[in-house]
file start-v3.txt (compact mmCIF, C-alpha atoms)
# COMPACT_ATOMS: atom_id res chain seq x y z
CA MET A 1 27.06 7.99 -12.60
CA MET A 2 26.66 9.07 -8.95
CA LYS A 3 27.83 12.61 -9.77
CA TRP A 4 25.30 12.77 -12.61
CA LEU A 5 22.51 11.60 -10.30
CA LEU A 6 23.43 14.25 -7.71
CA ALA A 7 23.40 16.94 -10.37
CA ALA A 8 20.09 15.64 -11.69
CA ALA A 9 18.56 15.69 -8.22
CA LEU A 10 19.69 19.28 -7.61
CA ALA A 11 18.37 20.31 -11.02
CA ALA A 12 15.10 18.53 -10.29
CA SER A 13 14.70 20.49 -7.08
CA ALA A 14 15.29 23.81 -8.80
CA GLY A 15 13.13 22.95 -11.79
CA ALA A 16 10.18 21.75 -9.74
CA ALA A 17 10.22 24.92 -7.68
CA SER A 18 9.42 26.82 -10.87
CA GLY A 19 6.91 24.25 -12.09
CA GLN A 20 9.21 22.76 -14.72
CA ILE A 21 10.80 19.36 -15.22
CA PRO A 22 14.56 20.08 -15.36
CA ASP A 23 16.43 19.48 -18.61
CA SER A 24 18.24 16.49 -17.12
CA LEU A 25 14.92 14.69 -16.70
CA GLY A 26 12.85 16.25 -19.46
CA GLY A 27 13.72 13.62 -22.06
CA TYR A 28 12.84 10.82 -19.66
CA ALA A 29 9.54 12.47 -18.71
CA LYS A 30 8.60 12.88 -22.36
CA GLN A 31 9.43 9.25 -23.11
CA ILE A 32 7.47 8.03 -20.08
CA ARG A 33 4.42 9.97 -21.18
CA GLN A 34 4.58 8.73 -24.75
CA HIS A 35 4.74 5.09 -23.69
CA ILE A 36 2.09 5.31 -20.98
CA TYR A 37 -0.39 7.32 -23.03
CA ALA A 38 -0.06 4.76 -25.81
CA ASP A 39 -0.23 1.66 -23.60
CA TYR A 40 -2.63 2.37 -20.74
CA LYS A 41 -5.68 0.73 -22.31
CA GLY A 42 -3.76 -2.52 -22.15
CA MET A 43 -4.87 -2.67 -18.53
CA PHE A 44 -8.56 -2.86 -19.50
CA ARG A 45 -10.25 -6.24 -19.50
CA PRO A 46 -13.85 -7.06 -20.46
CA ALA A 47 -16.17 -9.05 -18.22
CA GLY A 48 -15.76 -12.77 -18.61
CA GLY A 49 -15.49 -16.02 -16.71
CA ALA A 50 -15.61 -15.43 -12.96
CA LEU A 51 -15.43 -11.65 -13.45
CA HIS A 52 -18.89 -10.25 -14.09
CA TYR A 53 -17.85 -6.64 -14.64
CA PRO A 54 -15.08 -5.09 -16.76
CA TYR A 55 -11.94 -4.49 -14.69
CA ILE A 56 -8.34 -3.29 -14.57
CA THR A 57 -5.42 -5.73 -14.62
CA PRO A 58 -1.85 -4.86 -13.56
CA GLY A 59 -0.59 -5.56 -17.08
CA SER A 60 2.23 -7.83 -18.34
CA SER A 61 1.84 -11.50 -19.19
CA ALA A 62 2.34 -12.50 -15.54
CA TYR A 63 -0.98 -10.88 -14.56
CA ALA A 64 -2.83 -11.04 -17.86
CA ASN A 65 -6.39 -11.68 -16.69
CA ASP A 66 -6.25 -11.23 -12.92
CA LEU A 67 -8.01 -8.73 -10.69
CA TRP A 68 -5.85 -8.00 -7.64
CA ASP A 69 -6.88 -5.98 -4.59
CA TRP A 70 -4.41 -3.13 -4.05
CA ASP A 71 -3.05 -3.36 -7.61
CA SER A 72 -6.38 -2.39 -9.18
CA TRP A 73 -6.85 0.48 -6.71
CA LEU A 74 -3.44 2.03 -7.33
CA SER A 75 -3.53 1.42 -11.07
CA ASN A 76 -6.78 3.36 -11.06
CA ILE A 77 -5.11 6.40 -9.44
CA ALA A 78 -2.57 6.41 -12.27
CA LEU A 79 -5.31 5.88 -14.86
CA ARG A 80 -7.10 9.02 -13.68
CA GLN A 81 -3.88 11.02 -13.98
CA ILE A 82 -3.54 9.78 -17.57
CA LEU A 83 -7.10 10.85 -18.30
CA ALA A 84 -6.55 14.23 -16.64
CA ASP A 85 -3.47 14.77 -18.81
CA THR A 86 -4.66 13.61 -22.18
CA GLY A 87 -8.10 11.99 -22.03
CA THR A 88 -11.37 13.21 -23.44
CA GLU A 89 -14.81 13.08 -21.85
CA LYS A 90 -15.43 9.97 -23.93
CA ASP A 91 -12.24 8.35 -22.60
CA SER A 92 -13.30 9.05 -19.01
CA LYS A 93 -16.74 7.60 -19.60
CA GLU A 94 -15.22 4.49 -21.15
CA ALA A 95 -12.86 4.04 -18.20
CA GLU A 96 -15.63 4.34 -15.61
CA GLN A 97 -17.03 0.85 -16.23
CA TYR A 98 -13.59 -0.73 -15.73
CA GLU A 99 -12.93 1.34 -12.61
CA GLN A 100 -16.21 0.62 -10.85
CA GLY A 101 -16.01 -2.98 -12.02
CA CYS A 102 -12.90 -3.49 -9.90
CA VAL A 103 -14.91 -2.72 -6.76
CA LEU A 104 -18.10 -4.47 -7.86
CA ASN A 105 -16.32 -7.69 -8.87
CA PHE A 106 -14.87 -8.04 -5.38
CA LEU A 107 -18.21 -7.25 -3.76
CA ASP A 108 -19.76 -9.96 -5.95
CA TYR A 109 -17.74 -12.50 -3.94
CA THR A 110 -18.33 -10.91 -0.53
CA HIS A 111 -20.97 -12.32 1.81
CA PHE A 112 -22.33 -10.92 5.04
CA ASP A 113 -19.63 -12.77 6.97
CA GLY A 114 -17.32 -10.14 5.42
CA TYR A 115 -14.83 -12.40 3.68
CA MET A 116 -13.53 -10.78 0.47
CA PRO A 117 -10.98 -12.50 -1.80
CA ILE A 118 -7.57 -11.04 -2.54
CA LEU A 119 -7.64 -12.16 -6.16
CA VAL A 120 -10.32 -12.97 -8.69
CA ALA A 121 -8.96 -14.52 -11.88
CA LYS A 122 -10.94 -15.00 -15.04
CA LYS A 123 -10.55 -18.77 -14.65
CA SER A 124 -11.30 -18.82 -10.91
CA ASP A 125 -13.83 -21.42 -9.79
CA PRO A 126 -16.33 -19.46 -7.65
CA ALA A 127 -17.11 -22.61 -5.63
CA LYS A 128 -13.46 -22.86 -4.55
CA MET A 129 -12.58 -19.23 -3.89
CA ARG A 130 -13.49 -19.19 -0.20
CA PRO A 131 -11.06 -20.91 2.18
CA ALA A 132 -12.39 -23.53 4.58
CA ASP A 133 -11.77 -21.23 7.55
CA ILE A 134 -12.40 -17.67 6.41
CA TYR A 135 -11.40 -16.18 9.76
CA HIS A 136 -7.90 -17.63 9.95
CA THR A 137 -6.41 -16.69 6.61
CA ASN A 138 -5.72 -13.34 5.00
CA MET A 139 -8.30 -11.66 2.84
CA HIS A 140 -8.54 -8.57 0.62
CA LYS A 141 -6.31 -5.82 1.98
CA PRO A 142 -8.22 -2.89 3.50
CA VAL A 143 -8.27 -0.77 0.36
CA ILE A 144 -11.73 -1.49 -1.09
CA ALA A 145 -13.34 1.51 0.63
CA GLN A 146 -10.40 3.70 -0.40
CA HIS A 147 -10.90 2.62 -4.01
CA ALA A 148 -14.65 3.25 -3.81
CA ALA A 149 -14.13 6.62 -2.10
CA PHE A 150 -11.67 7.68 -4.80
CA LEU A 151 -14.17 6.80 -7.55
CA THR A 152 -16.98 8.52 -5.68
CA ARG A 153 -14.92 11.69 -5.39
CA VAL A 154 -14.05 11.50 -9.11
CA ASN A 155 -17.79 11.23 -9.74
CA GLY A 156 -18.48 14.50 -7.93
CA GLY A 157 -19.31 12.82 -4.62
CA ASN A 158 -22.12 10.64 -5.97
CA ALA A 159 -21.99 7.31 -4.09
CA GLU A 160 -25.36 5.97 -5.20
CA TRP A 161 -23.65 3.33 -7.37
CA LEU A 162 -22.56 1.76 -4.07
CA ARG A 163 -25.68 2.11 -1.95
CA GLU A 164 -26.98 -1.43 -2.43
CA LYS A 165 -23.53 -2.90 -1.79
CA PHE A 166 -22.46 -0.67 1.11
CA ALA A 167 -23.65 -3.18 3.71
CA LEU A 168 -21.18 -5.69 2.25
CA MET A 169 -18.36 -3.18 2.71
CA GLN A 170 -19.47 -2.78 6.33
CA ALA A 171 -19.40 -6.57 6.73
CA PHE A 172 -15.85 -6.58 5.35
CA ILE A 173 -14.73 -4.01 7.93
CA ASN A 174 -16.56 -5.91 10.68
CA ASN A 175 -14.69 -9.07 9.72
CA TYR A 176 -11.36 -7.29 10.14
CA GLU A 177 -12.55 -5.77 13.43
CA SER A 178 -13.78 -9.03 14.91
CA HIS A 179 -11.25 -11.55 13.60
CA HIS A 180 -8.07 -9.71 12.58
CA ARG A 181 -7.59 -7.27 15.46
CA ASN A 182 -5.68 -7.78 18.68
CA LYS A 183 -7.81 -6.59 21.61
CA ALA A 184 -4.92 -5.86 23.95
CA THR A 185 -3.08 -3.48 21.59
CA GLY A 186 -5.95 -2.41 19.33
CA LEU A 187 -3.78 -3.23 16.30
CA TYR A 188 -4.74 -5.28 13.25
CA TYR A 189 -2.65 -8.31 12.35
CA TRP A 190 -2.06 -10.66 9.46
CA GLN A 191 -3.33 -14.19 9.90
CA ASP A 192 -0.37 -15.59 7.93
CA ASP A 193 2.10 -14.43 5.27
CA LEU A 194 -0.13 -15.19 2.28
CA ALA A 195 -0.44 -12.35 -0.25
CA ILE A 196 0.29 -9.54 2.21
CA GLY A 197 1.24 -7.17 -0.62
CA VAL A 198 4.83 -6.74 0.58
CA ASP A 199 5.33 -10.46 0.22
CA ASN A 200 8.53 -11.21 2.13
CA ASP A 201 8.56 -8.33 4.59
CA PRO A 202 10.57 -9.92 7.44
CA ALA A 203 8.13 -8.59 10.02
CA THR A 204 5.58 -11.13 8.73
CA PHE A 205 7.35 -13.52 6.36
CA PHE A 206 7.59 -17.05 7.85
CA ARG A 207 6.47 -15.68 11.22
CA PRO A 208 3.97 -17.59 13.41
CA ASN A 209 0.37 -17.17 12.31
CA GLY A 210 -1.46 -14.25 13.87
CA SER A 211 1.71 -12.75 15.31
CA SER A 212 2.42 -9.75 13.08
CA ALA A 213 0.67 -6.45 13.76
CA SER A 214 2.10 -5.02 10.57
CA ILE A 215 2.58 -1.25 10.32
CA PHE A 216 1.75 -1.65 6.63
CA LEU A 217 -1.61 -3.24 7.42
CA ASN A 218 -2.47 -0.75 10.16
CA CYS A 219 -1.69 2.30 8.03
CA LEU A 220 -3.89 0.88 5.26
CA MET A 221 -6.68 0.24 7.76
CA TYR A 222 -6.49 3.75 9.19
CA LYS A 223 -7.04 5.19 5.71
CA GLU A 224 -9.73 2.57 5.02
CA LEU A 225 -11.73 3.67 8.06
CA GLN A 226 -11.47 7.29 6.94
CA ALA A 227 -12.75 6.24 3.52
CA MET A 228 -15.72 4.52 5.20
CA VAL A 229 -16.47 7.79 7.00
CA TYR A 230 -16.55 9.63 3.66
CA LEU A 231 -18.71 7.03 1.92
CA ALA A 232 -21.19 6.93 4.80
CA GLN A 233 -21.42 10.72 4.70
CA ARG A 234 -22.05 10.70 0.95
CA LEU A 235 -24.84 8.16 1.51
CA ASN A 236 -26.30 10.33 4.33
CA LEU A 237 -25.59 7.63 6.93
CA THR A 238 -24.51 10.10 9.59
CA ASP A 239 -24.49 7.80 12.62
CA ILE A 240 -22.45 5.20 10.75
CA ALA A 241 -19.95 7.86 9.67
CA ILE A 242 -19.51 8.97 13.29
CA GLU A 243 -18.88 5.37 14.36
CA TYR A 244 -16.18 4.85 11.74
CA GLN A 245 -14.53 8.13 12.73
CA HIS A 246 -14.32 6.89 16.33
CA ASN A 247 -12.78 3.64 15.06
CA ALA A 248 -10.21 5.56 13.02
CA ASP A 249 -9.30 7.74 16.00
CA ASP A 250 -8.88 4.67 18.20
CA LEU A 251 -6.63 2.99 15.66
CA LYS A 252 -4.44 6.08 15.29
CA GLU A 253 -4.00 6.15 19.05
CA ALA A 254 -3.11 2.44 19.08
CA ILE A 255 -0.51 2.92 16.33
CA GLN A 256 1.04 5.83 18.20
CA LYS A 257 1.15 3.89 21.47
CA ASN A 258 2.46 0.61 20.16
CA CYS A 259 4.33 1.21 16.88
CA TRP A 260 6.29 4.43 17.42
CA ASP A 261 9.86 3.89 18.61
CA GLU A 262 11.32 6.95 20.28
CA LYS A 263 14.80 5.44 20.23
CA ASP A 264 15.00 5.01 16.45
CA GLY A 265 12.58 7.75 15.41
CA CYS A 266 10.51 5.37 13.33
CA PHE A 267 7.26 3.38 13.24
CA TYR A 268 7.61 -0.40 13.32
CA SER A 269 5.46 -3.50 13.14
CA VAL A 270 4.68 -5.19 16.45
CA ASP A 271 5.21 -8.81 17.51
CA LEU A 272 2.10 -10.18 19.24
CA ASN A 273 3.54 -13.65 19.77
CA LEU A 274 3.60 -13.51 23.59
CA ARG A 275 2.59 -16.20 26.02
CA PRO A 276 -0.60 -15.23 27.87
CA ILE A 277 -0.41 -14.14 31.50
CA THR A 278 -1.91 -16.79 33.75
CA ASN A 279 -2.84 -17.03 37.39
CA GLN A 280 -2.92 -20.82 37.29
CA PRO A 281 -0.27 -22.50 39.48
CA THR A 282 1.96 -25.21 38.07
CA ILE A 283 4.52 -27.53 39.66
CA ILE A 284 7.97 -25.90 39.39
CA PHE A 285 10.99 -27.40 41.10
CA GLY A 286 8.64 -29.71 42.94
CA GLN A 287 6.53 -26.87 44.32
CA SER A 288 3.20 -25.35 43.34
CA MET A 289 3.68 -21.76 42.14
CA ILE A 290 2.59 -19.24 39.54
CA LEU A 291 5.51 -18.60 37.19
CA HIS A 292 6.67 -14.97 37.08
CA SER A 293 3.88 -13.90 39.46
CA GLY A 294 6.17 -11.41 41.16
CA MET A 295 6.58 -9.37 37.99
CA PRO A 296 4.42 -10.40 35.05
CA ARG A 297 4.87 -8.61 31.75
CA THR A 298 3.24 -5.18 31.50
CA TYR A 299 3.35 -4.88 27.69
CA ASP A 300 1.10 -6.41 25.04
CA GLY A 301 3.51 -6.48 22.11
CA LEU A 302 7.17 -6.08 21.24
CA ILE A 303 8.35 -3.62 18.60
CA GLN A 304 10.08 -5.36 15.69
CA ARG A 305 13.06 -3.12 15.05
CA ILE A 306 13.42 -4.16 11.43
CA GLY A 307 14.23 -1.31 9.04
CA SER A 308 11.53 -1.77 6.40
CA TRP A 309 9.94 0.83 4.13
CA PRO A 310 6.33 0.41 5.49
CA GLY A 311 7.43 2.46 8.49
CA PHE A 312 7.33 5.49 6.18
CA LEU A 313 3.62 4.90 5.50
CA ALA A 314 2.86 6.68 8.75
CA LEU A 315 3.38 9.89 6.73
CA TRP A 316 1.22 8.75 3.82
CA ALA A 317 -1.57 7.74 6.21
CA GLY A 318 -1.29 10.93 8.27
CA VAL A 319 -0.60 9.01 11.50
CA ALA A 320 2.71 10.69 12.37
CA THR A 321 2.97 13.97 14.25
CA PRO A 322 5.01 16.71 12.52
CA GLU A 323 7.83 16.11 15.02
CA GLN A 324 7.80 12.38 14.34
CA ALA A 325 7.74 12.97 10.58
CA LYS A 326 10.85 15.12 10.82
CA ARG A 327 12.72 12.38 12.68
CA ILE A 328 11.52 9.69 10.27
CA VAL A 329 12.81 11.66 7.29
CA ASN A 330 16.09 12.95 8.74
CA GLU A 331 17.15 9.91 10.73
CA ASN A 332 15.91 7.12 8.47
CA LEU A 333 14.72 8.01 4.98
CA LEU A 334 17.71 10.19 4.07
CA ASP A 335 20.35 7.82 5.44
CA LYS A 336 22.36 6.46 2.49
CA ARG A 337 23.55 3.53 4.59
CA THR A 338 19.99 2.27 4.97
CA PHE A 339 17.16 3.43 2.70
CA ASN A 340 18.36 6.31 0.53
CA ALA A 341 19.52 4.82 -2.78
CA ALA A 342 20.42 6.30 -6.15
CA TYR A 343 17.01 5.39 -7.60
CA GLY A 344 14.72 5.76 -4.64
CA VAL A 345 13.83 4.07 -1.38
CA ARG A 346 15.21 0.63 -0.64
CA THR A 347 12.37 -1.57 0.54
CA LEU A 348 14.58 -2.93 3.33
CA SER A 349 17.45 -1.18 5.02
CA LYS A 350 20.79 -2.18 3.52
CA LEU A 351 22.06 -2.74 7.06
CA GLU A 352 19.57 -5.53 7.72
CA LYS A 353 21.00 -9.05 7.54
CA MET A 354 18.02 -10.09 5.39
CA TYR A 355 18.82 -7.48 2.71
CA SER A 356 18.74 -9.03 -0.77
CA VAL A 357 18.01 -7.88 -4.31
CA ARG A 358 17.73 -11.31 -5.92
CA ALA A 359 15.00 -12.00 -8.47
CA SER A 360 11.96 -13.87 -7.16
CA ASN A 361 8.28 -13.99 -8.06
CA ASN A 362 7.16 -16.46 -5.39
CA PRO A 363 7.39 -14.48 -3.24
CA SER A 364 7.99 -11.12 -4.88
CA ASN A 365 11.08 -9.59 -3.33
CA TRP A 366 10.60 -6.61 -0.98
CA GLN A 367 13.86 -7.15 0.93
CA GLY A 368 15.77 -4.36 -0.75
CA PRO A 369 14.79 -3.72 -4.39
CA ILE A 370 13.23 -0.47 -5.54
CA TRP A 371 9.52 -0.69 -6.35
CA GLY A 372 7.58 2.04 -8.11
CA ILE A 373 4.81 1.88 -5.52
CA SER A 374 7.06 2.26 -2.48
CA ASN A 375 8.75 5.25 -4.12
CA TYR A 376 5.33 6.75 -4.87
CA LEU A 377 3.72 6.27 -1.44
CA VAL A 378 6.80 7.61 0.34
CA PHE A 379 6.78 10.57 -2.07
CA ARG A 380 3.11 11.25 -1.30
CA GLY A 381 3.81 11.19 2.44
CA LEU A 382 6.65 13.67 2.01
CA VAL A 383 4.35 16.03 0.13
CA LYS A 384 1.67 15.71 2.81
CA TYR A 385 4.07 16.82 5.54
CA GLY A 386 5.69 19.59 3.53
CA PHE A 387 9.03 17.93 2.73
CA ASN A 388 8.94 19.29 -0.80
CA THR A 389 12.68 19.24 -1.45
CA GLU A 390 12.87 15.58 -0.47
CA ALA A 391 9.74 14.83 -2.50
CA ARG A 392 11.26 16.44 -5.61
CA ASP A 393 14.42 14.43 -5.16
CA LEU A 394 12.49 11.15 -4.90
CA ALA A 395 10.26 12.04 -7.85
CA GLY A 396 13.35 12.85 -9.92
CA LYS A 397 14.95 9.53 -9.06
CA THR A 398 11.78 7.67 -10.07
CA ILE A 399 11.52 9.53 -13.39
CA ALA A 400 15.16 8.69 -14.13
CA LEU A 401 14.60 5.04 -13.18
CA PHE A 402 11.59 4.51 -15.44
CA GLY A 403 12.86 6.73 -18.24
CA LYS A 404 16.08 4.75 -18.37
CA ASP A 405 14.11 1.48 -18.47
CA TYR A 406 11.95 2.69 -21.37
CA GLN A 407 15.04 3.96 -23.16
CA GLN A 408 17.02 0.72 -22.79
CA ASN A 409 14.27 -1.93 -22.77
CA GLY A 410 11.14 -0.32 -24.23
CA ALA A 411 9.11 -1.35 -21.16
CA LEU A 412 8.90 -1.11 -17.39
CA HIS A 413 9.64 -3.88 -14.89
CA GLU A 414 8.24 -4.94 -11.53
CA TYR A 415 11.24 -4.00 -9.39
CA TYR A 416 14.81 -2.75 -9.70
CA GLU A 417 18.33 -2.78 -8.29
CA PRO A 418 18.54 0.27 -6.01
CA ASP A 419 21.92 1.74 -6.99
CA THR A 420 22.21 0.89 -10.69
CA GLY A 421 18.53 1.10 -11.65
CA GLN A 422 18.81 -2.14 -13.59
CA PRO A 423 15.52 -4.07 -13.85
CA ILE A 424 15.33 -7.31 -11.91
CA LEU A 425 12.09 -9.01 -12.93
CA ASN A 426 8.90 -9.11 -15.00
CA LYS A 427 9.28 -7.00 -18.13
CA GLY A 428 6.10 -5.24 -19.19
CA PHE A 429 4.78 -4.61 -15.69
CA GLN A 430 2.50 -1.55 -15.85
CA ASN A 431 0.27 -1.29 -12.80
CA TRP A 432 1.24 1.26 -10.15
CA ASN A 433 4.45 2.09 -12.05
CA TYR A 434 2.24 4.48 -14.01
CA LEU A 435 2.00 6.62 -10.85
CA VAL A 436 5.25 8.18 -12.01
CA LEU A 437 2.94 10.40 -14.08
CA ASN A 438 1.40 11.74 -10.88
CA MET A 439 4.91 12.65 -9.73
CA ILE A 440 5.65 14.39 -13.02
CA ASP A 441 2.45 16.43 -12.85
CA TRP A 442 3.21 17.40 -9.25
CA MET A 443 6.67 18.63 -10.29
CA GLU A 444 5.16 20.62 -13.15
CA LYS A 445 2.37 21.93 -10.91
CA GLY A 446 -0.20 20.54 -13.31
CA LYS A 447 -3.54 18.98 -12.52
CA GLN A 448 -2.71 16.40 -9.87
CA VAL A 449 -4.64 13.24 -9.12
CA GLU A 450 -4.01 11.49 -5.83
CA GLU A 451 -5.56 8.65 -3.90
CA PHE A 452 -8.33 9.27 -1.38

call {"tool": "encode", "arguments": {"input": "start-v3.txt", "output": "structure tokens"}}
result
Amino acid sequence: MMKWLLAAALAASAGAASGQIPDSLGGYAKQIRQHIYADYKGMFRPAGGALHYPYITPGSSAYANDLWDWDSWLSNIALRQILADTGTEKDSKEAEQYEQGCVLNFLDYTHFDGYMPILVAKKSDPAKMRPADIYHTNMHKPVIAQHAAFLTRVNGGNAEWLREKFALMQAFINNYESHHRNKATGLYYWQDDLAIGVDNDPATFFRPNGSSASIFLNCLMYKELQAMVYLAQRLNLTDIAIEYQHNADDLKEAIQKNCWDEKDGCFYSVDLNLRPITNQPTIIFGQSMILHSGMPRTYDGLIQRIGSWPGFLALWAGVATPEQAKRIVNENLLDKRTFNAAYGVRTLSKLEKMYSVRASNNPSNWQGPIWGISNYLVFRGLVKYGFNTEARDLAGKTIALFGKDYQQNGALHEYYEPDTGQPILNKGFQNWNYLVLNMIDWMEKGKQVEEF
């Protein structure tokens, strides 16, 4: 099996260079397309209950009528690739109401305090959706502006559909800025480990509240601020666009300063759980003194040297320098002892003591299994920095993974065993798995759709 995979990867590299899917993957690619083209409208849901606009659901019975934050955004990127490949003008027009509805449904439940829910379910009780303390629990991940910017770009740059709601998006960003950002480091942090997207990432999972300046969160926020710049420009709000560009630049500098580890050649999350420096004397050994006054700490956070896939998002977000990107790829991503598996990128290094590929849906398991979305976002970062050979290899592995699943099970799953490709959980999961089409089109040099 391993020899076949190596041969397939080499063939994928050669085939993609000429704009062709290699023979070893061609059957899988064809099967993937047939299934996805036939099934994609299964993600569409009409307005109803707490959801006032049509929307996109991740698919599968586990998420049948739910609107999730980053799921709907990434499913939409895949949807647009499907429409670019095979859709008509009528199909695109039909999809538009579901796409924009994802953004508008969330804005429906956003007030000027900036709180935005992570999930809106058809059966949600609007009166119970807001937590008692909106500033000390997690909210919608910073991807709403990215979703809106993507749809605006698809619509030829016309952002007028958002004009009346743009102030609510600003309130959302202000909430993050005022209540989810550490002043000393300039980094954003999770309030707790509720619905962080990468559910049991050890950098946040079961950690003290407010302690994790997650590299995942900060890379998302950097792109979110850039999306706000674009939207403000499209709405002719020049001064606001300039302000968000300054904010993005400041965050990039903070990530570079605090999250880059020169020793390991990787970006990490940062632990903010430090006791404050005080000048107040206390009684120690029967004497009044200021503890550690001779040499107080000079750092505001401690790097969490946990080998987890979100460190690679620095490429996707465009935060890494070219020199840093080279080290990240050569010293971490390509290491078969850690991340480089037969079917893609392990979500946690195999050398970490927490590594596990057991099935779990509460939380979803990101401590080792292969996910379609982690493969895709790492792939996109590789393309951005010109690592085309590595990108082709990862795309080929993902095509083989999903093609094999369709062939054996007639459906895709939520996540997979890294070295055998066997599905672990949740048959029928569609969602961001459909981004494999974007990889296929990139390999074939076709019309490519990518996120903002």

call {"tool": "atom_distance", "arguments": {"input": "start-v3.txt", "atom1": "CA of Asp264 (chain A)", "atom2": "CA of Arg305 (chain A)"}}
result
8.5 Å

call {"tool": "residues_around", "arguments": {"input": "start-v3.txt", "residues": "Asp133 (chain A)", "least_positions_apart": "4", "cutoff": "12 Å", "atoms": "only C-alpha atoms", "output": "PDB file with C-alpha atoms, in the frame of the given file"}}
result
ATOM      1  CA  ASP A 113     -19.630 -12.770   6.970  1.00  0.00           C
ATOM      2  CA  TYR A 115     -14.830 -12.400   3.680  1.00  0.00           C
ATOM      3  CA  MET A 129     -12.580 -19.230  -3.890  1.00  0.00           C
ATOM      4  CA  THR A 137      -6.410 -16.690   6.610  1.00  0.00           C
ATOM      5  CA  ASN A 138      -5.720 -13.340   5.000  1.00  0.00           C
ATOM      6  CA  MET A 139      -8.300 -11.660   2.840  1.00  0.00           C
ATOM      7  CA  HIS A 179     -11.250 -11.550  13.600  1.00  0.00           C
ATOM      8  CA  GLN A 191      -3.330 -14.190   9.900  1.00  0.00           C
TER       9      GLN A 191
END

call {"tool": "atom_distance", "arguments": {"input": "start-v3.txt", "atom1": "CA of Ala203 (chain A)", "atom2": "CA of Phe216 (chain A)"}}
result
10.0 Å

call {"tool": "residues_around", "arguments": {"input": "start-v3.txt", "residues": "region 154-158 of chain A", "least_positions_apart": "6", "cutoff": "12 Å", "atoms": "only C-alpha atoms", "output": "list in words"}}
result
Asn76, Ile77, Leu79, Arg80, Gln81, Leu83, Ala84, Ser92, Lys93, Ala95, Glu96, Glu99, Gln100, His147, Ala148, Tyr230, Leu231, Ala232, Gln233, Arg234, Leu235, Asn236, Val449, Glu450, Glu451 and Phe452 of chain A

call {"tool": "closest_residue", "arguments": {"input": "start-v3.txt", "among": "A:Pro418, A:Pro54, A:Gly318, A:Gly197", "to": "Asp71 (chain A)", "atoms": "all atoms listed in the file"}}
result
A:Gly197

call {"tool": "residues_around", "arguments": {"input": "start-v3.txt", "residues": "Tyr434 (chain A)", "least_positions_apart": "2", "cutoff": "8 Å", "atoms": "all atoms listed in the file", "output": "list in words"}}
result
Ile36, Ser75, Ala78, Leu79, Gln430, Asn431, Trp432, Val436, Leu437 and Asn438 of chain A

call {"tool": "atom_distance", "arguments": {"input": "start-v3.txt", "atom1": "CA of Asn361 (chain A)", "atom2": "CA of Glu414 (chain A)"}}
result
9.7 Å

call {"tool": "residues_near_point", "arguments": {"input": "start-v3.txt", "point": "(0.9, 14.8, 4.5)", "cutoff": "12 Å", "atoms": "all atoms listed in the file", "output": "list in words"}}
result
Phe312, Leu313, Ala314, Leu315, Trp316, Ala317, Gly318, Val319, Ala320, Thr321, Pro322, Ala325, Lys326, Leu377, Val378, Phe379, Arg380, Gly381, Leu382, Val383, Lys384, Tyr385, Gly386, Phe387, Asn388, Ala391 and Glu450 of chain A
